[in-house]
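Trainee: Next up, input17.txt (compact mmCIF, C-alpha atoms).
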```txt
# COMPACT_ATOMS: atom_id res chain seq x y z
CA MET V 16 0.00 0.00 0.00
CA ILE V 17 2.96 2.28 -0.41
CA GLY V 18 1.30 3.76 -3.46
CA ALA V 19 -1.76 4.75 -1.45
CA TRP V 20 0.40 6.42 1.21
CA ARG V 21 2.23 8.34 -1.44
CA CYS V 22 -1.03 9.56 -2.96
CA ARG V 23 -2.25 10.72 0.43
CA ALA V 24 1.00 12.58 0.93
CA ALA V 25 0.49 14.33 -2.37
CA ILE V 26 -3.06 15.22 -1.46
CA VAL V 27 -1.96 16.87 1.79
CA CYS V 28 0.85 18.71 0.05
CA ALA V 29 -1.33 20.03 -2.76
CA ALA V 30 -4.14 21.00 -0.40
CA LEU V 31 -1.71 22.98 1.72
CA ALA V 32 -0.44 24.66 -1.42
CA LEU V 33 -3.92 25.62 -2.56
CA CYS V 34 -4.93 26.90 0.86
CA ALA V 35 -1.79 29.00 0.97
CA ALA V 36 -2.53 30.24 -2.52
CA ALA V 37 -6.09 31.20 -1.56
CA ALA V 38 -4.74 34.00 0.59
CA ARG V 39 -2.90 35.56 -2.33
CA PRO V 40 -4.15 36.99 -5.60
CA ALA V 41 -2.12 34.56 -7.67
CA PRO V 42 -2.32 30.85 -6.84
CA ALA V 43 1.16 29.42 -6.64
CA VAL V 44 0.64 25.68 -6.46
CA ALA V 45 3.49 24.98 -8.85
CA GLN V 46 5.95 26.64 -6.54
CA GLN V 47 5.41 23.82 -4.05
CA SER V 48 8.44 21.62 -4.24
CA GLY V 49 7.81 18.39 -6.04
CA ILE V 50 4.36 19.22 -7.38
CA LEU V 51 3.65 19.59 -11.08
CA GLU V 52 0.88 22.04 -11.90
CA LEU V 53 -1.22 21.61 -15.02
CA ARG V 54 -3.51 24.59 -15.38
CA PHE V 55 -6.22 25.00 -18.01
CA LEU V 56 -6.62 28.74 -18.10
CA ASP V 57 -10.01 30.36 -18.45
CA VAL V 58 -9.24 32.57 -21.44
CA GLY V 59 -12.71 32.76 -22.96
CA GLN V 60 -13.27 31.01 -26.28
CA GLY V 61 -9.85 29.52 -26.91
CA ASP V 62 -7.17 27.33 -25.43
CA ALA V 63 -4.32 28.13 -23.08
CA ILE V 64 -2.68 25.50 -20.89
CA LEU V 65 0.11 26.22 -18.45
CA ILE V 66 2.43 23.46 -17.21
CA ARG V 67 4.92 24.13 -14.43
CA ASN V 68 7.29 21.60 -12.97
CA GLY V 69 10.67 21.86 -11.30
CA GLY V 70 11.05 25.53 -12.18
CA LYS V 71 10.28 24.92 -15.87
CA THR V 72 7.27 26.38 -17.63
CA VAL V 73 5.41 25.33 -20.78
CA LEU V 74 2.53 27.20 -22.39
CA VAL V 75 0.32 25.30 -24.83
CA ASP V 76 -1.64 27.82 -26.90
CA ALA V 77 -2.30 31.40 -25.87
CA GLY V 78 -6.01 32.04 -26.25
CA GLU V 79 -7.51 34.63 -28.56
CA THR V 80 -6.46 37.91 -26.97
CA ASP V 81 -3.46 39.57 -25.37
CA ALA V 82 -5.14 39.15 -21.96
CA ILE V 83 -3.05 36.01 -21.58
CA ALA V 84 0.04 38.06 -20.83
CA ALA V 85 -1.56 39.67 -17.77
CA ARG V 86 -2.82 36.28 -16.60
CA LEU V 87 0.66 34.84 -16.79
CA ARG V 88 2.08 37.76 -14.85
CA GLN V 89 -0.64 37.28 -12.24
CA LEU V 90 0.47 33.67 -11.95
CA ARG V 91 4.04 34.85 -11.47
CA VAL V 92 5.31 33.37 -14.68
CA ASP V 93 8.51 35.22 -15.57
CA THR V 94 9.91 33.03 -18.33
CA ILE V 95 8.62 30.33 -20.64
CA GLY V 96 10.79 27.41 -21.58
CA LEU V 97 8.52 26.23 -24.36
CA ALA V 98 5.53 27.82 -26.04
CA VAL V 99 3.46 25.55 -28.26
CA ALA V 100 0.88 26.48 -30.85
CA SER V 101 -1.17 23.33 -31.31
CA HIS V 102 -2.26 24.85 -34.61
CA ASN V 103 -2.53 28.33 -36.03
CA ASP V 104 -6.15 29.32 -35.62
CA ASN V 105 -6.73 32.71 -34.04
CA ASP V 106 -8.32 31.29 -30.90
CA HIS V 107 -5.06 29.47 -30.17
CA ILE V 108 -2.39 31.96 -31.23
CA GLY V 109 -4.28 35.25 -30.90
CA GLY V 110 -2.48 35.99 -27.64
CA MET V 111 0.86 34.46 -28.60
CA ASP V 112 2.33 37.74 -29.85
CA ALA V 113 1.58 39.33 -26.48
CA VAL V 114 3.32 36.41 -24.73
CA LEU V 115 6.37 36.70 -26.94
CA ARG V 116 6.56 40.43 -26.28
CA ALA V 117 5.97 40.15 -22.53
CA LEU V 118 8.19 37.24 -21.55
CA PRO V 119 11.43 35.56 -22.53
CA VAL V 120 10.55 32.39 -24.46
CA ARG V 121 13.26 29.82 -25.13
CA TYR V 122 11.59 27.45 -27.60
CA TYR V 123 8.57 27.78 -29.87
CA LEU V 124 6.88 24.80 -31.50
CA ASP V 125 3.99 24.81 -33.96
CA ASN V 126 2.44 22.44 -36.47
CA GLY V 127 4.54 23.61 -39.41
CA PHE V 128 1.52 24.67 -41.44
CA PRO V 129 1.58 28.48 -41.29
CA ARG V 130 -1.48 30.56 -41.85
CA THR V 131 -1.93 33.59 -44.08
CA THR V 132 -3.31 35.69 -41.24
CA SER V 133 -1.72 38.79 -39.77
CA ILE V 134 -1.49 37.19 -36.33
CA GLN V 135 0.43 34.26 -37.80
CA ARG V 136 2.91 36.52 -39.54
CA THR V 137 3.35 38.63 -36.41
CA VAL V 138 4.00 35.58 -34.24
CA LEU V 139 6.56 34.05 -36.60
CA GLU V 140 8.34 37.39 -37.00
CA LEU V 141 8.55 37.74 -33.22
CA VAL V 142 9.95 34.21 -32.91
CA ARG V 143 12.58 35.13 -35.49
CA ASP V 144 13.40 38.59 -34.20
CA ARG V 145 13.59 37.64 -30.53
CA GLY V 146 15.92 34.73 -31.12
CA VAL V 147 13.46 32.09 -29.97
CA THR V 148 14.52 28.62 -31.06
CA TYR V 149 11.90 27.14 -33.35
CA LEU V 150 11.06 23.46 -33.02
CA GLN V 151 9.34 21.47 -35.71
CA ALA V 152 6.52 19.19 -34.71
CA GLY V 153 8.40 15.96 -35.25
CA PRO V 154 8.14 12.99 -32.95
CA ARG V 155 10.35 14.18 -30.11
CA THR V 156 10.42 14.38 -26.35
CA ILE V 157 10.78 17.50 -24.24
CA GLU V 158 11.93 17.15 -20.65
CA VAL V 159 10.18 19.47 -18.21
CA GLY V 160 11.96 18.84 -14.93
CA ASP V 161 11.21 15.22 -14.08
CA ALA V 162 8.17 15.22 -16.36
CA ARG V 163 8.23 14.85 -20.09
CA ILE V 164 6.14 15.87 -23.04
CA ARG V 165 5.91 13.62 -26.06
CA VAL V 166 5.16 15.46 -29.28
CA LEU V 167 2.88 13.71 -31.74
CA PRO V 168 2.69 15.47 -35.10
CA SER V 169 -0.60 15.11 -36.89
CA PRO V 170 -0.66 11.93 -38.98
CA VAL V 171 -2.98 13.65 -41.45
CA ALA V 172 -1.07 14.66 -44.55
CA GLY V 173 -1.72 17.36 -47.13
CA ARG V 174 -1.48 21.13 -47.18
CA SER V 175 -5.14 21.51 -48.11
CA VAL V 176 -6.23 19.94 -44.83
CA ALA V 177 -7.87 22.36 -42.39
CA GLN V 178 -5.73 23.52 -39.48
CA ASN V 179 -7.77 21.60 -36.93
CA ASP V 180 -6.69 18.24 -38.32
CA HIS V 181 -3.10 19.45 -38.38
CA SER V 182 -3.12 20.00 -34.63
CA VAL V 183 -0.01 18.91 -32.78
CA ALA V 184 -0.89 16.43 -30.04
CA LEU V 185 1.05 16.36 -26.78
CA ILE V 186 1.25 13.72 -24.08
CA LEU V 187 2.36 14.97 -20.67
CA GLU V 188 3.79 12.29 -18.42
CA ARG V 189 4.93 12.34 -14.83
CA GLY V 190 5.24 9.09 -12.91
CA ALA V 191 2.15 7.09 -13.81
CA PHE V 192 0.19 10.23 -14.69
CA ARG V 193 -0.68 11.07 -18.26
CA ALA V 194 -2.54 13.93 -19.85
CA LEU V 195 -3.35 14.29 -23.53
CA PHE V 196 -3.93 17.46 -25.50
CA THR V 197 -4.90 17.29 -29.16
CA GLY V 198 -5.63 20.93 -29.96
CA ASP V 199 -8.69 21.21 -32.17
CA SER V 200 -8.29 17.83 -33.82
CA GLU V 201 -11.41 16.51 -35.46
CA ARG V 202 -12.47 12.97 -36.30
CA ARG V 203 -10.03 12.60 -39.18
CA GLU V 204 -6.96 13.26 -37.03
CA LEU V 205 -8.35 11.44 -34.01
CA ALA V 206 -9.00 8.34 -36.15
CA ALA V 207 -5.49 8.54 -37.61
CA LEU V 208 -3.97 8.71 -34.13
CA VAL V 209 -5.98 5.63 -33.13
CA ARG V 210 -4.88 3.77 -36.28
CA GLN V 211 -1.26 4.56 -35.52
CA ASN V 212 -1.66 3.29 -31.96
CA GLU V 213 -0.59 6.69 -30.64
CA VAL V 214 -3.40 7.08 -28.11
CA PRO V 215 -2.43 6.01 -24.60
CA ASP V 216 -4.66 5.43 -21.61
CA VAL V 217 -4.68 8.82 -19.89
CA ASP V 218 -5.87 10.41 -16.69
CA VAL V 219 -6.70 13.85 -18.05
CA PHE V 220 -7.81 14.77 -21.57
CA LYS V 221 -8.45 18.17 -23.05
CA ALA V 222 -11.56 17.92 -25.16
CA PRO V 223 -10.71 18.60 -28.81
CA HIS V 224 -12.09 21.70 -30.48
CA HIS V 225 -13.81 23.19 -27.43
CA GLY V 226 -16.33 20.39 -27.16
CA SER V 227 -17.44 20.57 -30.78
CA ARG V 228 -19.36 17.63 -32.18
CA THR V 229 -16.58 17.31 -34.77
CA GLY V 230 -14.16 16.30 -32.02
CA ILE V 231 -15.99 13.21 -30.81
CA LEU V 232 -14.78 9.76 -31.79
CA GLY V 233 -15.86 6.74 -29.81
CA ALA V 234 -12.80 4.70 -30.72
CA PHE V 235 -10.54 7.47 -29.51
CA LEU V 236 -12.31 7.83 -26.18
CA ALA V 237 -12.33 4.05 -25.73
CA ARG V 238 -8.57 4.06 -26.13
CA ALA V 239 -7.82 7.15 -24.04
CA ARG V 240 -10.27 6.33 -21.23
CA PRO V 241 -9.76 9.62 -19.41
CA GLU V 242 -10.97 10.05 -15.84
CA VAL V 243 -11.09 13.81 -16.28
CA ILE V 244 -12.03 15.81 -19.38
CA VAL V 245 -11.49 19.54 -19.55
CA ILE V 246 -13.32 21.64 -22.14
CA SER V 247 -11.74 25.03 -22.86
CA VAL V 248 -14.74 27.09 -23.82
CA ALA V 249 -16.43 30.42 -23.17
CA LEU V 250 -19.92 30.66 -21.78
CA GLY V 251 -22.35 31.87 -24.41
CA ASN V 252 -19.93 31.55 -27.30
CA PRO V 253 -21.43 32.01 -30.79
CA PHE V 254 -20.48 28.52 -31.97
CA GLY V 255 -22.66 26.47 -29.63
CA HIS V 256 -19.67 24.87 -27.89
CA PRO V 257 -19.75 22.51 -26.13
CA HIS V 258 -22.18 20.55 -28.25
CA ALA V 259 -24.78 18.36 -26.54
CA GLU V 260 -23.48 15.30 -28.39
CA ALA V 261 -19.99 15.91 -27.06
CA LEU V 262 -21.23 16.33 -23.51
CA ALA V 263 -23.23 13.12 -23.80
CA ALA V 264 -20.17 11.27 -25.04
CA TYR V 265 -17.93 12.67 -22.33
CA GLN V 266 -20.23 12.43 -19.32
CA THR V 267 -20.00 8.81 -18.29
CA PRO V 268 -20.11 7.39 -14.74
CA GLY V 269 -16.87 7.90 -12.88
CA ARG V 270 -15.65 10.63 -15.15
CA THR V 271 -15.34 14.30 -14.24
CA VAL V 272 -16.07 16.82 -16.99
CA LEU V 273 -15.13 20.44 -16.39
CA ARG V 274 -15.45 23.59 -18.47
CA THR V 275 -13.25 26.62 -18.08
CA GLY V 276 -16.11 28.97 -18.92
CA GLN V 277 -18.20 27.88 -15.95
CA ASP V 278 -15.57 26.43 -13.62
CA GLY V 279 -12.80 28.96 -14.17
CA ASP V 280 -9.20 27.77 -14.26
CA VAL V 281 -8.96 24.00 -13.92
CA VAL V 282 -5.87 23.05 -11.93
CA VAL V 283 -4.41 19.55 -11.79
CA THR V 284 -1.61 18.91 -9.32
CA VAL V 285 0.56 15.86 -9.82
CA ASP V 286 3.21 14.38 -7.52
CA SER V 287 6.28 12.53 -8.68
CA PHE V 288 4.51 9.16 -8.57
CA GLY V 289 1.67 10.35 -10.73
CA CYS V 290 -0.97 10.83 -8.04
CA TYR V 291 -3.13 13.74 -9.05
CA GLU V 292 -5.89 15.98 -7.77
CA VAL V 293 -8.18 18.33 -9.65
CA ARG V 294 -9.56 21.62 -8.41
CA THR V 295 -11.04 24.63 -10.10
CA ALA V 296 -11.24 28.33 -9.42
CA ARG V 297 -14.90 27.77 -8.61
CA SER V 298 -14.37 24.80 -6.29
CA GLY V 299 -11.54 26.45 -4.38
CA PRO V 300 -9.72 23.96 -2.15
CA THR V 301 -12.34 21.24 -2.70
CA VAL V 302 -10.91 18.35 -4.68
CA LEU V 303 -13.22 17.42 -7.57
CA ALA V 304 -11.31 14.38 -8.76
CA ARG V 305 -8.25 12.45 -7.78
CA GLY V 306 -6.42 9.43 -9.00
CA GLY V 307 -3.11 7.76 -9.31
CA PRO V 308 -1.35 4.45 -9.42
CA ALA V 309 -2.75 3.19 -6.12
CA THR V 310 -6.32 4.21 -6.79
CA SER V 311 -6.78 2.70 -10.23
CA PRO V 312 -4.65 -0.45 -10.51
CA ALA V 313 -7.07 -2.13 -12.90
CA ARG V 314 -6.84 0.71 -15.35
CA ARG V 315 -3.06 0.63 -15.26
CA GLN V 316 -3.04 -2.99 -16.39
CA HIS V 317 -4.51 -1.85 -19.67
CA GLU V 318 -2.02 0.89 -20.30
CA LYS V 319 -0.25 0.70 -23.61
CA ARG V 320 3.18 1.99 -22.97
CA PRO V 321 5.28 2.67 -26.09
CA MET I 28 -10.46 33.77 -43.47
CA ASP I 29 -9.30 32.26 -40.24
CA ARG I 30 -11.55 29.25 -39.87
CA PHE I 31 -14.92 27.62 -40.20
CA GLU I 32 -16.93 26.98 -37.06
CA GLY I 33 -20.02 25.04 -38.09
CA ASP I 34 -22.34 27.44 -39.90
CA ARG I 35 -20.15 30.41 -38.98
CA VAL I 36 -16.84 31.67 -40.27
CA VAL I 37 -14.25 33.64 -38.38
CA VAL I 38 -12.57 36.32 -40.44
CA GLU I 39 -9.53 38.35 -39.44
CA ARG I 40 -10.22 41.96 -40.36
CA ALA I 41 -6.89 43.18 -39.01
CA LEU I 42 -4.42 42.10 -36.37
CA HIS I 43 -6.46 41.28 -33.23
CA GLU I 44 -9.73 42.18 -34.96
CA VAL I 45 -11.89 39.21 -35.87
CA LEU I 46 -15.45 39.01 -37.13
CA THR I 47 -17.82 36.08 -36.90
CA LEU I 48 -20.10 35.86 -39.93
CA PRO I 49 -22.69 33.47 -41.28
CA ARG I 50 -21.01 30.95 -43.54
CA ALA I 51 -23.65 31.57 -46.17
CA LEU I 52 -22.21 35.04 -46.84
CA LEU I 53 -19.08 33.56 -48.36
CA PRO I 54 -18.91 32.38 -51.95
CA ALA I 55 -18.64 28.69 -52.64
CA GLY I 56 -15.14 27.31 -52.69
CA VAL I 57 -13.65 29.62 -50.07
CA ARG I 58 -11.11 27.80 -47.95
CA GLU I 59 -9.44 28.56 -44.65
CA GLY I 60 -6.56 30.93 -45.26
CA ASP I 61 -8.10 32.64 -48.26
CA ALA I 62 -7.83 36.40 -48.39
CA LEU I 63 -11.20 37.98 -49.10
CA ARG I 64 -12.23 41.13 -50.86
CA VAL I 65 -15.34 42.82 -49.50
CA ALA I 66 -17.27 45.34 -51.54
CA VAL I 67 -20.51 47.15 -50.93
CA THR I 68 -22.53 48.01 -53.99
CA ALA I 69 -25.56 50.24 -54.11
CA ALA I 70 -28.17 50.13 -56.80
CA ALA I 71 -31.84 51.02 -56.95
CA GLY I 72 -31.76 52.12 -53.33
CA GLU I 73 -30.47 48.75 -52.18
CA SER I 74 -27.03 47.98 -50.74
CA ARG I 75 -25.39 44.64 -51.31
CA LEU I 76 -22.38 43.09 -49.63
CA VAL I 77 -20.22 41.20 -52.11
CA ILE I 78 -17.43 38.94 -50.85
CA THR I 79 -14.99 37.37 -53.28
CA ARG I 80 -11.70 35.50 -53.00
CA ASN I 81 -8.62 37.65 -53.43
CA GLU I 82 -6.33 35.12 -55.05
CA ALA I 83 -3.34 37.40 -55.51
CA GLU I 84 -3.37 38.48 -51.87
CA THR I 85 -3.83 34.87 -50.76
CA ARG I 86 -0.74 33.82 -52.76
CA ARG I 87 1.28 36.76 -51.44
CA ARG I 88 0.46 36.00 -47.83
CA ALA I 89 1.02 32.28 -48.24
CA ALA I 90 4.47 32.93 -49.71
CA ILE I 91 5.44 35.17 -46.79
CA ALA I 92 4.23 32.63 -44.25
CA LYS I 93 6.00 29.78 -45.99
CA ARG I 94 9.28 31.68 -46.17
CA LEU I 95 9.10 32.69 -42.51
CA GLN I 96 8.31 29.19 -41.38
CA GLY I 97 11.00 27.71 -43.60
CA ASP I 98 13.66 30.06 -42.25
CA LEU I 99 12.69 29.19 -38.70
CA ALA I 100 12.61 25.46 -39.38
CA ALA I 101 16.21 25.64 -40.56
CA ARG I 102 17.18 26.71 -37.03
CA ASP I 103 15.63 23.67 -35.37
CA PRO I 104 18.43 21.97 -33.41
CA GLY I 105 16.67 18.62 -33.88
CA GLY I 106 16.27 15.76 -31.45
CA ASP I 107 14.87 15.74 -27.97
CA ILE I 108 14.96 18.86 -25.84
CA LYS I 109 15.67 19.42 -22.16
CA LEU I 110 14.23 22.66 -20.80
```
Please lay out the structure from this file as structure tokens.

Mentor:
Amino acid sequence: MIGAWRCRAAIVCAALALCAAAARPAPAVAQQSGILELRFLDVGQGDAILIRNGGKTVLVDAGETDAIAARLRQLRVDTIGLAVASHNDNDHIGGMDAVLRALPVRYYLDNGFPRTTSIQRTVLELVRDRGVTYLQAGPRTIEVGDARIRVLPSPVAGRSVAQNDHSVALILERGAFRALFTGDSERRELAALVRQNEVPDVDVFKAPHHGSRTGILGAFLARARPEVIVISVALGNPFGHPHAEALAAYQTPGRTVLRTGQDGDVVVTVDSFGCYEVRTARSGPTVLARGGPATSPARRQHEKRP
Amino acid sequence: MDRFEGDRVVVERALHEVLTLPRALLPAGVREGDALRVAVTAAAGESRLVITRNEAETRRRAAIAKRLQGDLAARDPGGDIKL
């Protein structure tokens, strides 16, 4: 039962961190030694995910507006090791120019399929002019302290393919914990990832395309089997996200589904063994979901490690 | 044209200025990334909004983006990365 003890230790540690953070304007869970923080930022209709571990910071997408820069400052982010654009739609890179202007960024990775938009040109010019090292979305691993991110380029080929199905997928791993982000991938890319056996059993999954019906694929969900699904979406957005079909597919017994628009920031804390807890800005210190190697041994038997 | 979202389209009017329009306003064959030309015509007391593809501007912008991305890709150190 060592695993269970370790998970309880992580729970106490993370709870203390959150309680301490509650007294300050900017939660600082990631600054707790040994705890990885995975934060789905409430940035309106768009994606922005902050990962902090061992003093290293990764930003996956930057929302639609430059408000992201102020949010990062509020969270005491002073440098970004890696900024990722899952793809180049405005609701994912609209705030990336503000990030590049506001903070030192060491590496920048995108899907390699540039857009014709002004925001795309501005972002790439900033990457060039500020000496940020560009990374192509090849199959590679990025170490973030004692965690790692595996980069999965979209298996869908062709320059005429819409950006969504060219989304870069990322797998975040720490201990036994796994989270999967697939940008705005739709059924075509999701099916291709399944065919290539690239979809692991995960704990946390970011819903593709803001909970659109185009991002639902039963075979993908059956493979990923997430315990927690986070939908990055604005309340009252003009696109009808999340779609009722997506919610029906996601909301199964034993699974926690959260939305940034109604829950605020969704924060996952992970210890070095992979035990995790989920809280939101709305829930405060109350843990909405938890898991880890000692709490789901049956699930672990089905993991498909590469 | 930034992207399709169901029966809507998101169009970048200028840097950090986006519009959400009904998809039906766009001519058939428009694809994500196309530059659009918007004209308002008035005749017989009636105004009409006419949106067409601007192929020359689309090609110009695509060439700039491709060159930028290509230059950056050449700097990729390759392999795995440790932050």

Trainee: May I have the residues within 10 Å of V:Arg305 as a list in words, using all atoms listed in the file and disregarding those fewer than 5 positions away in the same chain?

Mentor: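 That gives Cys22, Ile26, Asp218, Glu242, Val243, Thr271, Val283, Thr284, Val285, Cys290, Tyr291, Glu292, Val293, Arg294 and Thr310 of chain V.
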
Trainee: Counting only C-alpha atoms, figure out which residue out of V:Ser247, V:Thr275, V:Asn252, V:Thr80 gets nearest to I:Arg35.

Mentor: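 Using only C-alpha atoms, I:Arg35 sits closest to V:Asn252.
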
Trainee: Fewer than 5 positions away in the same chain doesn't count, so skip those; otherwise give me all residues within 7 Å of stretch 73-88 of chain I, counting only C-alpha atoms, as a count of residues only.

Mentor: 12

Trainee: Just give me the gap between atom CA of V:Val183 and atom CA of V:Ile66 in Å, one decimal is fine.

Mentor: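 Atom CA of V:Ile66 lies at a distance of 16.4 Å from atom CA of V:Val183.
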
Trainee: Using only C-alpha atoms for the distances, tell me which of V:Val248, V:Ala117, V:Leu65, V:Ala177 is nearest to chain I.

Mentor: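 Counting only C-alpha atoms, the residue closest to chain I is V:Ala177.
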
Trainee: Just need the residues of chain I within 8 Å of chain V, counting all atoms listed in the file, so spit them out as a ChimeraX atom specification.

Mentor: /I:28-30,32-33,35,39,41-43,59-62,85,88-89,91-93,95-96,99-100,102-110

Trainee: Do you have the atom CA of V:Ile246-atom CA of V:Gly276 distance handy?

Mentor: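 Atom CA of V:Gly276 lies 8.5 Å from atom CA of V:Ile246.
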
Trainee: Report, in Å to a single decimal, how far apart atom CA of V:Leu232 and atom CA of I:Val38 are.

Mentor: 28.0 Å

Trainee: Rank I:Ala71, I:Ala90, I:Ala101, I:Asp34 by their smallest atom-to-atom distance to I:Leu48, using all atoms listed in the file, and report the top residue only.

Mentor: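 Under the stated criterion, the closest residue is I:Asp34.
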
Trainee: Identify which of the residues V:Leu56, V:Leu250, V:His225, V:Arg240 lies closest to V:Pro268, counting all atoms listed in the file when measuring atom-to-atom distances.

Mentor: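 Closest to V:Pro268 of all the choices is V:Arg240.
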
Trainee: Write out as an MDAnalysis selection string each polymer residue whose atoms come within 9 Å of V:Ala84, counting all atoms listed in the file; drop sequence neighbours fewer than 6 positions from it.

Mentor: chainID V and resid 77 110:111 113:118

Trainee: Which of these residues is nearest to V:Val217, using all atoms listed in the file: V:Val282, V:Leu205, V:Leu195, V:Ala259?

Mentor: V:Leu195

Trainee: I need stretch 209-223 of chain V from the structure I supplied, saved as a short mmCIF file (atom, residue, chain, number, x, y, z; two decimals), in the first residue's frame with N, CA, C and O atoms retained.

Mentor:
```cif
data_model
loop_
_atom_site.label_atom_id
_atom_site.label_comp_id
_atom_site.auth_asym_id
_atom_site.auth_seq_id
_atom_site.Cartn_x
_atom_site.Cartn_y
_atom_site.Cartn_z
N VAL V 209 -5.58 6.97 -33.60
CA VAL V 209 -5.98 5.63 -33.13
C VAL V 209 -5.35 4.57 -34.02
O VAL V 209 -4.77 3.58 -33.53
N ARG V 210 -5.44 4.77 -35.34
CA ARG V 210 -4.88 3.77 -36.28
C ARG V 210 -3.39 3.59 -36.06
O ARG V 210 -2.87 2.50 -36.20
N GLN V 211 -2.71 4.65 -35.72
CA GLN V 211 -1.26 4.56 -35.52
C GLN V 211 -0.88 4.12 -34.11
O GLN V 211 0.29 4.16 -33.74
N ASN V 212 -1.89 3.76 -33.33
CA ASN V 212 -1.66 3.29 -31.96
C ASN V 212 -0.91 4.33 -31.12
O ASN V 212 -0.05 4.01 -30.31
N GLU V 213 -1.26 5.58 -31.34
CA GLU V 213 -0.59 6.69 -30.64
C GLU V 213 -1.39 7.19 -29.44
O GLU V 213 -1.00 8.16 -28.81
N VAL V 214 -2.52 6.57 -29.17
CA VAL V 214 -3.40 7.08 -28.11
C VAL V 214 -3.23 6.24 -26.86
O VAL V 214 -3.66 5.09 -26.81
N PRO V 215 -2.60 6.78 -25.83
CA PRO V 215 -2.43 6.01 -24.60
C PRO V 215 -3.64 6.14 -23.69
O PRO V 215 -4.49 7.00 -23.89
N ASP V 216 -3.69 5.29 -22.70
CA ASP V 216 -4.66 5.43 -21.61
C ASP V 216 -4.21 6.62 -20.78
O ASP V 216 -3.05 6.69 -20.36
N VAL V 217 -5.09 7.59 -20.57
CA VAL V 217 -4.68 8.82 -19.89
C VAL V 217 -5.58 9.10 -18.68
O VAL V 217 -6.68 8.56 -18.57
N ASP V 218 -5.08 9.96 -17.84
CA ASP V 218 -5.87 10.41 -16.69
C ASP V 218 -6.69 11.64 -17.06
O ASP V 218 -7.86 11.75 -16.72
N VAL V 219 -6.05 12.58 -17.73
CA VAL V 219 -6.70 13.85 -18.05
C VAL V 219 -6.63 14.07 -19.57
O VAL V 219 -5.59 13.85 -20.20
N PHE V 220 -7.73 14.54 -20.13
CA PHE V 220 -7.81 14.77 -21.57
C PHE V 220 -8.46 16.12 -21.81
O PHE V 220 -9.50 16.43 -21.22
N LYS V 221 -7.82 16.90 -22.65
CA LYS V 221 -8.45 18.17 -23.05
C LYS V 221 -9.36 17.88 -24.23
O LYS V 221 -8.91 17.36 -25.25
N ALA V 222 -10.61 18.19 -24.08
CA ALA V 222 -11.56 17.92 -25.16
C ALA V 222 -11.12 18.63 -26.44
O ALA V 222 -10.80 19.82 -26.41
N PRO V 223 -11.10 17.94 -27.58
CA PRO V 223 -10.71 18.60 -28.81
C PRO V 223 -11.74 19.65 -29.24
O PRO V 223 -12.95 19.48 -29.02
#
```
